[in-house]
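Visitor: Sending over a structure as structure tokens; questions will come in a sec.
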Amino acid sequence: MCFFTRRIRFFFNDDRQASERVREQEFVSAVNRLKTLRVTPEGGMSIDAEEIREQVIAARHSLKHFVR
């Protein structure tokens with residue numbers, strides 16, 4: 001391993017727990033699956049509210065066995 005790579009890993013080491021890194025990756029994957037996500041040149045984001053509503057309803061339906 002070269003000197004530069006070792007320094008990069010030393011200064012930018014990810015010390016978070018594995019579960020937190022997995023959770024972040026799951027979030028990124030979920031955002032990437034959004035069909036109507038738009039990013040403006042200034043860095044803002046917008047999404048169709050109907051798509052979010054549909055996903056919430058689907059999630060509620062698939063997880064309703066956890067709620068009495």
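Ordered as shown in the structure tokens, chains take letters A, B, and onward, while each chain numbers its residues from 1 and ligands are numbered from 1 in the order shown.
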Using DSSP on the backbone coordinates, identify the residues of chain A assigned to strand (DSSP E or B); present them as a PyMOL selection string.

Guide: chain A and resi 38-39+45-46

Visitor: Since we have the selection now, will you write its residues out, keeping N, CA and C atoms, as a short mmCIF file (atom, residue, chain, number, x, y, z; two decimals), in the first residue's frame?

Guide:
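The resulting file, out25.cif, is reproduced below:
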```
data_model
loop_
_atom_site.label_atom_id
_atom_site.label_comp_id
_atom_site.auth_asym_id
_atom_site.auth_seq_id
_atom_site.Cartn_x
_atom_site.Cartn_y
_atom_site.Cartn_z
N ARG A 38 -35.90 14.66 -8.39
CA ARG A 38 -35.24 15.65 -9.23
C ARG A 38 -34.29 16.47 -8.36
N VAL A 39 -33.10 16.70 -8.87
CA VAL A 39 -32.11 17.51 -8.17
C VAL A 39 -31.85 18.76 -9.00
N MET A 45 -33.68 19.33 -3.85
CA MET A 45 -34.31 18.11 -4.35
C MET A 45 -35.82 18.27 -4.28
N SER A 46 -36.50 17.60 -5.20
CA SER A 46 -37.95 17.55 -5.17
C SER A 46 -38.39 16.16 -5.60
#
```

Visitor: Using DSSP on the backbone coordinates, identify the residues of chain A assigned to alpha helix (DSSP H); present them as a short mmCIF file (atom, residue, chain, number, x, y, z; two decimals) with N, CA and C atoms, in the first residue's frame.

Guide:
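Contents of out_27.cif, as written:
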```
data_model
loop_
_atom_site.label_atom_id
_atom_site.label_comp_id
_atom_site.auth_asym_id
_atom_site.auth_seq_id
_atom_site.Cartn_x
_atom_site.Cartn_y
_atom_site.Cartn_z
N PHE A 3 2.15 5.20 0.43
CA PHE A 3 2.13 6.18 1.51
C PHE A 3 0.86 7.03 1.46
N PHE A 4 0.51 7.50 0.28
CA PHE A 4 -0.66 8.37 0.12
C PHE A 4 -1.95 7.65 0.54
N THR A 5 -2.11 6.42 0.14
CA THR A 5 -3.31 5.66 0.48
C THR A 5 -3.41 5.44 1.98
N ARG A 6 -2.29 5.16 2.63
CA ARG A 6 -2.30 4.99 4.09
C ARG A 6 -2.71 6.28 4.78
N ARG A 7 -2.24 7.40 4.30
CA ARG A 7 -2.60 8.69 4.91
C ARG A 7 -4.07 9.00 4.71
N ILE A 8 -4.59 8.72 3.55
CA ILE A 8 -6.02 8.94 3.28
C ILE A 8 -6.86 8.10 4.24
N ARG A 9 -6.53 6.84 4.39
CA ARG A 9 -7.28 5.97 5.30
C ARG A 9 -7.14 6.43 6.75
N PHE A 10 -5.99 6.95 7.11
CA PHE A 10 -5.78 7.43 8.47
C PHE A 10 -6.66 8.64 8.75
N PHE A 11 -6.70 9.60 7.84
CA PHE A 11 -7.44 10.83 8.07
C PHE A 11 -8.93 10.70 7.83
N ALA A 18 -20.91 -0.87 12.28
CA ALA A 18 -21.30 -1.53 11.03
C ALA A 18 -22.80 -1.36 10.78
N SER A 19 -23.61 -1.42 11.83
CA SER A 19 -25.06 -1.28 11.65
C SER A 19 -25.43 0.10 11.11
N GLU A 20 -24.70 1.12 11.55
CA GLU A 20 -24.96 2.47 11.05
C GLU A 20 -24.56 2.61 9.59
N ARG A 21 -23.45 2.00 9.21
CA ARG A 21 -23.03 2.04 7.80
C ARG A 21 -24.02 1.30 6.91
N VAL A 22 -24.53 0.16 7.39
CA VAL A 22 -25.53 -0.61 6.64
C VAL A 22 -26.81 0.21 6.50
N ARG A 23 -27.22 0.86 7.57
CA ARG A 23 -28.44 1.68 7.54
C ARG A 23 -28.29 2.83 6.53
N GLU A 24 -27.13 3.45 6.50
CA GLU A 24 -26.88 4.52 5.54
C GLU A 24 -26.94 3.98 4.11
N GLN A 25 -26.36 2.82 3.87
CA GLN A 25 -26.38 2.23 2.54
C GLN A 25 -27.80 1.87 2.11
N GLU A 26 -28.62 1.39 3.04
CA GLU A 26 -30.01 1.09 2.74
C GLU A 26 -30.77 2.36 2.37
N PHE A 27 -30.49 3.46 3.08
CA PHE A 27 -31.13 4.74 2.76
C PHE A 27 -30.74 5.20 1.36
N VAL A 28 -29.47 5.12 1.03
CA VAL A 28 -29.00 5.54 -0.29
C VAL A 28 -29.66 4.69 -1.38
N SER A 29 -29.78 3.40 -1.14
CA SER A 29 -30.43 2.51 -2.11
C SER A 29 -31.90 2.89 -2.28
N ALA A 30 -32.57 3.20 -1.18
CA ALA A 30 -33.98 3.59 -1.26
C ALA A 30 -34.15 4.88 -2.04
N VAL A 31 -33.29 5.84 -1.81
CA VAL A 31 -33.37 7.11 -2.54
C VAL A 31 -33.10 6.89 -4.02
N ASN A 32 -32.17 6.03 -4.33
CA ASN A 32 -31.85 5.75 -5.74
C ASN A 32 -33.01 5.07 -6.47
N ALA A 49 -45.19 13.97 -4.51
CA ALA A 49 -45.79 13.56 -3.25
C ALA A 49 -46.58 12.26 -3.40
N GLU A 50 -47.15 12.04 -4.57
CA GLU A 50 -47.93 10.83 -4.80
C GLU A 50 -47.05 9.58 -4.72
N GLU A 51 -45.82 9.67 -5.20
CA GLU A 51 -44.91 8.53 -5.11
C GLU A 51 -44.59 8.20 -3.66
N ILE A 52 -44.35 9.21 -2.86
CA ILE A 52 -44.08 8.99 -1.43
C ILE A 52 -45.30 8.35 -0.77
N ARG A 53 -46.47 8.88 -1.06
CA ARG A 53 -47.71 8.35 -0.49
C ARG A 53 -47.88 6.87 -0.84
N GLU A 54 -47.63 6.52 -2.09
CA GLU A 54 -47.75 5.12 -2.50
C GLU A 54 -46.76 4.23 -1.76
N GLN A 55 -45.55 4.71 -1.58
CA GLN A 55 -44.54 3.90 -0.87
C GLN A 55 -44.88 3.74 0.60
N VAL A 56 -45.43 4.78 1.22
CA VAL A 56 -45.82 4.69 2.64
C VAL A 56 -46.95 3.69 2.80
N ILE A 57 -47.92 3.76 1.91
CA ILE A 57 -49.04 2.82 1.99
C ILE A 57 -48.55 1.39 1.79
N ALA A 58 -47.68 1.17 0.83
CA ALA A 58 -47.14 -0.17 0.59
C ALA A 58 -46.34 -0.65 1.80
N ALA A 59 -45.56 0.21 2.41
CA ALA A 59 -44.79 -0.17 3.59
C ALA A 59 -45.70 -0.51 4.76
N ARG A 60 -46.73 0.30 4.95
CA ARG A 60 -47.69 0.01 6.03
C ARG A 60 -48.34 -1.35 5.81
N HIS A 61 -48.73 -1.60 4.58
CA HIS A 61 -49.40 -2.87 4.27
C HIS A 61 -48.45 -4.05 4.51
N SER A 62 -47.21 -3.93 4.11
CA SER A 62 -46.28 -5.04 4.26
C SER A 62 -45.84 -5.25 5.70
N LEU A 63 -45.96 -4.22 6.54
CA LEU A 63 -45.50 -4.33 7.94
C LEU A 63 -46.65 -4.36 8.95
#
```

Visitor: What separation in Å, quoted to one decimal, exists between CA of Arg33 (chain A) and CA of Asp15 (chain A)?

Guide: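 CA of Asp15 (chain A) lies at a distance of 27.5 Å from CA of Arg33 (chain A).
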
Visitor: Could you jot down the CA of Lys64 (chain A) to CA of Leu34 (chain A) separation for me, Å, one decimal place?

Guide: 22.7 Å
